[in-house]
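Here the structure comes first, spelled out in structure tokens, and everything after it is commentary.
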Amino acid sequence: MPWTRLQMAERAAAELKDGYYVNLGIGIPTLVANFIPSNIDLTLQSENGMLGMGPFPYEDEVDPDLINAGKQTITELKRTSYFSSADSFGMIRGGHIDLSILGAMEVAENGDLANWMIPGKMVKGMGGAMDLVAGVKKVVVIMDHNAKDSRPKLLHECSLPLTGAGVVDLVITDLGVFVINDRGLSLVELAPDVRIDEIKDRTEADFTVDLAR
Amino acid sequence: MKKVYKNAGAALDGLLFDGMTIMAGGFGLCGIPENLITAIRDAGVGNLTVISNNAGVDDFGLGLLLETHQIKKMVSSYVGENKLFEQQFLSGELELEFNPQGTLAERIRAGGAGIPGFYTKTGVGTVIAEGKPHKQFDGETHILERGLTADLSIIKAWKGDTAGNLIYRKTARNFNPIMATAGRATVAEVEEIVEVGALEADFIHTPGIFVQRIFKGEFEKRIEQRTTRERE
């Protein structure tokens, strides 16, 4: 059975380590915060200028001066600090953030990522995505294995304009987990009862199988 | 020199002209100079180039200046929350220059610090890199980005003193302190003006040298995504 969105988020949480500074993208990546293991102490960064992001506020705690990068109201923690957008992206570009988890439209077998525009459609902008993938130490993508029209999203080459070239380290789909490194793309985990044949049928990219990892 | 003005209209007097470039602070609707945006709308100046991370929503923030067709060009990183923007962009009326958010922030920081350009690896291999000089540093490719300045920066802070020293509150800081440094004139609207000496000097975020005019505004502080949790 393929993983649900929550299960993909839970699997992504296995990449979290004690002491990490982590930036979570909008959508499924945000759900990863619900699965942080209790024995791990980590700090969430929000690129609009906050380190140490807390949970959503209770109704009577809502503060318009306190939002995350998705423009949602949030809360602070004892460890929280605030800073300018330039300092925030200094952290990101300067390689001080350990892990970024984000969504994708397409990922290529060499780690190219496309997640910000579809030509011919209204472009909303890349926000901080290009900075994050260029600067964060490890980039993890969570995405459905295939698009709604069933086209593969793991490709030889991205057809959409890139967010970053050769930037993705790990891809978690509803069917399994893939590592991307100098040797290319390799399948390292399968979702329960998903067969390798099925993944091959539903993937354009070339990949090796390394389930023993 | 007196920096304190009565309201937004008075603080902008003599600073506005058609075709000018304006930096506007804020992230989404958080920490935006609400009073100054309204005053620019009322002043009616047009053909504006506006440098701002976002473009407001249809009836608030910079959306007000789109409604009146005062903006010719936006320099932004994300404009997804605005239907009016989409209409004007698709009809060709509005020009748009997308910058990666961190590149936008650093261009503003650099501009304010007298740095005309810098190299970054953000955007290498993407459309952002097209036409820009590339250079290898320590085996990695980087692209040249230019510093940004503006005729006017409009910013929002929490507290300010009569010398123009500013303190921001929580994530309403965002682009405001860097934009304060990059405007040939910077006007700040604040929730409270205090006498010099009332702000702890060690905790001032923007030194008064960057702020030419300041006034006390009135704030709606609209929330874009009110997200809460239930008490158990």
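Labels used: A, B, ... for chains in the order of the structure tokens, numbers from 1 for residues in each chain, and numbers from 1 for ligands as shown.
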Could the residues of chain B within 8 Å of chain A, counting only C-alpha atoms, be given as a VMD selection string, please?
chain B and resid 27 to 28 30 to 31 76 to 80 86 90 98 to 103 105 to 106 109 121 to 127 169 to 178 221 to 231
So that I have them on file, write out the residues from the current selection with C-alpha atoms, as a compact mmCIF listing (two decimals), in the first residue's frame.
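The file below, selection18.txt, is the result:
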# COMPACT_ATOMS: atom_id res chain seq x y z
CA PHE B 27 6.21 40.10 4.54
CA GLY B 28 2.72 39.26 3.37
CA CYS B 30 2.89 41.49 8.39
CA GLY B 31 4.86 44.63 9.16
CA SER B 76 9.19 40.79 -5.69
CA SER B 77 9.75 37.16 -4.75
CA TYR B 78 6.15 35.96 -4.37
CA VAL B 79 2.88 37.53 -5.49
CA GLY B 80 0.48 34.62 -5.17
CA GLU B 86 -2.65 38.51 -11.92
CA LEU B 90 -1.53 38.93 -17.80
CA PHE B 98 11.03 38.01 -9.76
CA ASN B 99 13.97 37.67 -7.40
CA PRO B 100 14.71 34.74 -5.11
CA GLN B 101 13.72 36.03 -1.66
CA GLY B 102 17.21 35.83 -0.20
CA THR B 103 18.71 37.47 -3.28
CA ALA B 105 17.01 40.77 0.67
CA GLU B 106 20.75 40.77 0.00
CA ARG B 109 21.17 45.08 2.15
CA LYS B 121 25.08 30.57 -5.85
CA THR B 122 21.31 31.07 -5.53
CA GLY B 123 19.65 30.61 -8.91
CA VAL B 124 22.62 29.11 -10.77
CA GLY B 125 21.28 26.89 -13.57
CA THR B 126 17.84 28.56 -13.50
CA VAL B 127 16.16 31.35 -15.49
CA ARG B 169 8.37 43.57 16.94
CA LYS B 170 8.57 39.79 16.21
CA THR B 171 8.27 38.76 12.55
CA ALA B 172 7.04 42.24 11.60
CA ARG B 173 10.77 43.07 11.26
CA ASN B 174 11.41 41.13 7.99
CA PHE B 175 12.47 43.51 5.15
CA ASN B 176 11.96 46.74 7.12
CA PRO B 177 15.45 47.28 8.62
CA ILE B 178 17.30 46.60 5.35
CA LYS B 221 -2.80 44.75 11.13
CA ARG B 222 -4.89 42.44 8.99
CA ILE B 223 -4.11 38.71 9.26
CA GLU B 224 -3.79 36.71 6.04
CA GLN B 225 -4.05 33.18 7.45
CA ARG B 226 -5.57 33.03 10.91
CA THR B 227 -4.47 29.55 11.99
CA THR B 228 -5.22 28.36 15.51
CA ARG B 229 -5.38 25.19 17.60
CA GLU B 230 -8.01 24.02 20.06
CA ARG B 231 -7.40 23.89 23.80
Practice problem: Determine which residues of range 82-202 of chain A DSSP labels as strand (DSSP E or B) from the backbone of this structure, then write them out as a PyMOL selection string. | Solution: chain A and resi 82+99-102+106-108+113-114+138-142+146+152+154-155+164+170-172+176-181+184-190
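Closest to Gln88 in chain B among B:Ile37, B:Leu144, B:Leu65, B:Val211 is B:Leu65, based on only C-alpha atoms.
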* **Who sits within 6 Å of range 7-20 of chain A, only C-alpha atoms, same chain under 5 positions skipped, as a ChimeraX atom specification** => /A:31-32,35-36,40-42,98
For the selection just defined, write its residues with all heavy atoms to a file, as a CSV table (one decimal), in the first residue's frame.
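This went into out_14.csv:
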chain,number,residue,atom,x,y,z
A,31,LEU,N,3.7,19.3,7.7
A,31,LEU,CA,3.2,18.2,8.6
A,31,LEU,C,4.3,17.5,9.3
A,31,LEU,O,4.1,16.8,10.3
A,31,LEU,CB,2.4,17.2,7.8
A,31,LEU,CG,1.2,17.7,7.0
A,31,LEU,CD1,0.6,16.6,6.1
A,31,LEU,CD2,0.1,18.2,8.0
A,32,VAL,N,5.5,17.6,8.8
A,32,VAL,CA,6.7,16.9,9.4
A,32,VAL,C,6.8,17.3,10.9
A,32,VAL,O,7.2,16.5,11.7
A,32,VAL,CB,8.0,17.1,8.6
A,32,VAL,CG1,9.2,16.4,9.3
A,32,VAL,CG2,7.8,16.6,7.2
A,35,PHE,N,5.7,15.1,13.7
A,35,PHE,CA,6.3,13.7,13.9
A,35,PHE,C,7.7,13.8,14.4
A,35,PHE,O,8.5,12.9,14.3
A,35,PHE,CB,6.3,13.0,12.5
A,35,PHE,CG,4.9,12.7,12.0
A,35,PHE,CD1,4.4,13.4,11.0
A,35,PHE,CD2,4.2,11.6,12.6
A,35,PHE,CE1,3.1,13.1,10.5
A,35,PHE,CE2,2.9,11.4,12.1
A,35,PHE,CZ,2.4,12.1,11.1
A,36,ILE,N,8.1,15.0,15.0
A,36,ILE,CA,9.4,15.1,15.5
A,36,ILE,C,9.6,14.2,16.7
A,36,ILE,O,8.8,14.3,17.7
A,36,ILE,CB,9.7,16.6,16.0
A,36,ILE,CG1,9.6,17.5,14.7
A,36,ILE,CG2,11.1,16.7,16.6
A,36,ILE,CD1,9.6,19.0,15.1
A,40,ILE,N,14.4,14.0,20.3
A,40,ILE,CA,15.2,14.9,19.4
A,40,ILE,C,14.9,16.4,19.7
A,40,ILE,O,13.7,16.8,19.8
A,40,ILE,CB,14.9,14.6,17.9
A,40,ILE,CG1,15.7,13.4,17.5
A,40,ILE,CG2,15.3,15.8,17.0
A,40,ILE,CD1,15.5,13.0,16.1
A,41,ASP,N,15.9,17.2,19.9
A,41,ASP,CA,15.7,18.6,20.2
A,41,ASP,C,16.2,19.3,19.0
A,41,ASP,O,17.4,19.4,18.6
A,41,ASP,CB,16.6,19.0,21.4
A,41,ASP,CG,16.4,20.4,21.8
A,41,ASP,OD1,15.3,21.0,21.6
A,41,ASP,OD2,17.4,21.0,22.2
A,42,LEU,N,15.3,19.9,18.2
A,42,LEU,CA,15.6,20.7,17.1
A,42,LEU,C,14.9,22.0,17.0
A,42,LEU,O,14.0,22.3,17.7
A,42,LEU,CB,15.4,19.9,15.8
A,42,LEU,CG,14.0,19.4,15.4
A,42,LEU,CD1,13.2,20.6,14.9
A,42,LEU,CD2,14.1,18.3,14.3
A,98,ASP,N,20.6,23.0,8.6
A,98,ASP,CA,21.0,21.6,8.4
A,98,ASP,C,20.1,20.9,7.3
A,98,ASP,O,20.6,20.1,6.6
A,98,ASP,CB,21.0,20.8,9.7
A,98,ASP,CG,21.9,21.3,10.7
A,98,ASP,OD1,23.1,21.2,10.5
A,98,ASP,OD2,21.5,21.9,11.7
Every residue of range 60-143 of chain B that DSSP places in alpha helix (DSSP H), as a CSV table (one decimal) with N, CA, C and O atoms, in the first residue's frame:
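Result file follows (part15.csv):
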chain,number,residue,atom,x,y,z
B,63,GLY,N,-2.0,46.1,-2.7
B,63,GLY,CA,-3.2,45.9,-3.5
B,63,GLY,C,-3.9,47.2,-3.8
B,63,GLY,O,-4.5,47.4,-4.8
B,64,LEU,N,-3.9,48.1,-2.8
B,64,LEU,CA,-4.5,49.4,-2.9
B,64,LEU,C,-3.9,50.2,-4.1
B,64,LEU,O,-4.7,50.9,-4.8
B,65,LEU,N,-2.6,50.1,-4.3
B,65,LEU,CA,-2.0,50.9,-5.4
B,65,LEU,C,-2.1,50.2,-6.7
B,65,LEU,O,-1.9,50.8,-7.8
B,66,LEU,N,-2.4,48.9,-6.7
B,66,LEU,CA,-2.7,48.2,-7.9
B,66,LEU,C,-4.2,48.6,-8.4
B,66,LEU,O,-4.4,48.8,-9.6
B,67,GLU,N,-5.1,48.6,-7.4
B,67,GLU,CA,-6.4,49.0,-7.7
B,67,GLU,C,-6.5,50.3,-8.5
B,67,GLU,O,-7.3,50.5,-9.4
B,83,LYS,N,-5.4,38.7,-6.9
B,83,LYS,CA,-6.0,38.5,-8.2
B,83,LYS,C,-5.8,39.7,-9.1
B,83,LYS,O,-5.7,39.5,-10.3
B,84,LEU,N,-5.9,40.9,-8.5
B,84,LEU,CA,-5.7,42.1,-9.3
B,84,LEU,C,-4.4,42.1,-10.0
B,84,LEU,O,-4.2,42.5,-11.1
B,85,PHE,N,-3.4,41.7,-9.2
B,85,PHE,CA,-2.0,41.6,-9.7
B,85,PHE,C,-2.0,40.7,-11.0
B,85,PHE,O,-1.4,41.0,-12.0
B,86,GLU,N,-2.6,39.5,-10.8
B,86,GLU,CA,-2.7,38.5,-11.9
B,86,GLU,C,-3.3,39.1,-13.2
B,86,GLU,O,-2.7,39.0,-14.3
B,87,GLN,N,-4.4,39.8,-13.0
B,87,GLN,CA,-5.1,40.4,-14.1
B,87,GLN,C,-4.2,41.4,-14.9
B,87,GLN,O,-4.0,41.4,-16.1
B,88,GLN,N,-3.6,42.3,-14.1
B,88,GLN,CA,-2.8,43.4,-14.6
B,88,GLN,C,-1.5,42.9,-15.3
B,88,GLN,O,-1.0,43.4,-16.3
B,89,PHE,N,-1.0,41.8,-14.7
B,89,PHE,CA,0.2,41.2,-15.2
B,89,PHE,C,-0.1,40.5,-16.6
B,89,PHE,O,0.6,40.7,-17.6
B,90,LEU,N,-1.2,39.7,-16.6
B,90,LEU,CA,-1.5,38.9,-17.8
B,90,LEU,C,-2.0,39.9,-18.9
B,90,LEU,O,-1.8,39.5,-20.1
B,101,GLN,N,13.9,35.2,-2.8
B,101,GLN,CA,13.7,36.0,-1.7
B,101,GLN,C,15.0,36.5,-1.0
B,101,GLN,O,15.2,37.6,-0.6
B,102,GLY,N,15.9,35.5,-0.9
B,102,GLY,CA,17.2,35.8,-0.2
B,102,GLY,C,18.1,36.7,-1.1
B,102,GLY,O,18.8,37.6,-0.5
B,103,THR,N,18.0,36.6,-2.4
B,103,THR,CA,18.7,37.5,-3.3
B,103,THR,C,18.1,38.9,-3.2
B,103,THR,O,18.9,39.9,-3.2
B,104,LEU,N,16.8,39.0,-3.1
B,104,LEU,CA,16.2,40.3,-3.0
B,104,LEU,C,16.6,41.0,-1.7
B,104,LEU,O,17.0,42.1,-1.7
B,105,ALA,N,16.6,40.2,-0.6
B,105,ALA,CA,17.0,40.8,0.7
B,105,ALA,C,18.5,41.2,0.6
B,105,ALA,O,18.8,42.3,1.1
B,106,GLU,N,19.3,40.4,0.0
B,106,GLU,CA,20.7,40.8,0.0
B,106,GLU,C,21.0,41.9,-1.0
B,106,GLU,O,21.9,42.7,-0.7
B,107,ARG,N,20.2,42.0,-2.1
B,107,ARG,CA,20.4,43.1,-3.0
B,107,ARG,C,20.1,44.4,-2.3
B,107,ARG,O,20.7,45.5,-2.5
B,108,ILE,N,19.1,44.4,-1.4
B,108,ILE,CA,18.7,45.6,-0.7
B,108,ILE,C,19.7,45.9,0.4
B,108,ILE,O,20.1,47.1,0.5
B,109,ARG,N,20.1,44.9,1.1
B,109,ARG,CA,21.2,45.1,2.1
B,109,ARG,C,22.4,45.7,1.5
B,109,ARG,O,23.0,46.6,2.0
B,110,ALA,N,22.8,45.1,0.4
B,110,ALA,CA,24.0,45.6,-0.3
B,110,ALA,C,23.9,47.0,-0.8
B,110,ALA,O,24.8,47.8,-0.6
B,111,GLY,N,22.7,47.3,-1.4
B,111,GLY,CA,22.5,48.6,-1.9
B,111,GLY,C,22.6,49.7,-0.8
B,111,GLY,O,23.2,50.7,-0.9
B,112,GLY,N,22.0,49.3,0.4
B,112,GLY,CA,22.1,50.3,1.5
B,112,GLY,C,23.5,50.4,2.1
B,112,GLY,O,23.8,51.4,2.7
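Closest approach to Val167 in chain A from the set A:Ala205, A:Val107, A:Leu51, A:Ile199 is made by A:Val107, with distances taken over only C-alpha atoms.
Separating CA of Gly56 in chain B from CA of Met105 in chain A is a distance of 26.0 Å.
Using only C-alpha atoms, the nearest neighbour of Asp169 in chain A within the list A:Lys148, A:His156, A:His96, A:Lys138 is A:Lys138.
As for CA of Gly147 in chain B and CA of Tyr119 in chain B, they are spaced 10.7 Å apart.
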Residues at most 12 Å from Phe203 in chain B, counting only C-alpha atoms, excluding those fewer than 3 positions away in the same chain, as a VMD selection string? chain B and resid 159 to 160 165 to 169 197 to 200 206 to 207
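Close contacts of Thr68 in chain B, defined as residues with an atom at most 9 Å away when counting only C-alpha atoms, with chain neighbours fewer than 6 positions off set aside, comprise Arg41, Gly44 and Gly46 of chain B.
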Please, could you write that set of residues out with N, CA and C atoms as a short mmCIF file (atom, residue, chain, number, x, y, z; two decimals), in the first residue's frame?
data_model
loop_
_atom_site.label_atom_id
_atom_site.label_comp_id
_atom_site.auth_asym_id
_atom_site.auth_seq_id
_atom_site.Cartn_x
_atom_site.Cartn_y
_atom_site.Cartn_z
N ARG B 41 -1.45 56.28 -2.20
CA ARG B 41 -2.65 56.15 -3.04
C ARG B 41 -3.37 57.51 -3.15
N GLY B 44 -1.75 60.04 -5.38
CA GLY B 44 -2.02 59.81 -6.80
C GLY B 44 -0.80 59.70 -7.70
N GLY B 46 1.99 58.21 -10.04
CA GLY B 46 1.87 57.00 -10.85
C GLY B 46 3.18 56.53 -11.43
#
Expressed in Å, the length from CA of Val57 in chain B to CA of Ala43 in chain B is 20.4 Å
Quiz prompt | range 181-193 of chain A environment, 10 Å, only C-alpha atoms, sequence neighbours closer than 4 positions dropped, as a VMD selection string | solution = chain A and resid 1 to 4 7 to 8 11 108 to 111 154 166 to 177 199 205 to 213
Selection near Ile193 in chain B, 9 Å with only C-alpha atoms, sequence-local residues under 4 positions removed, as a PyMOL selection string: chain B and resi 4+158-162+214-216
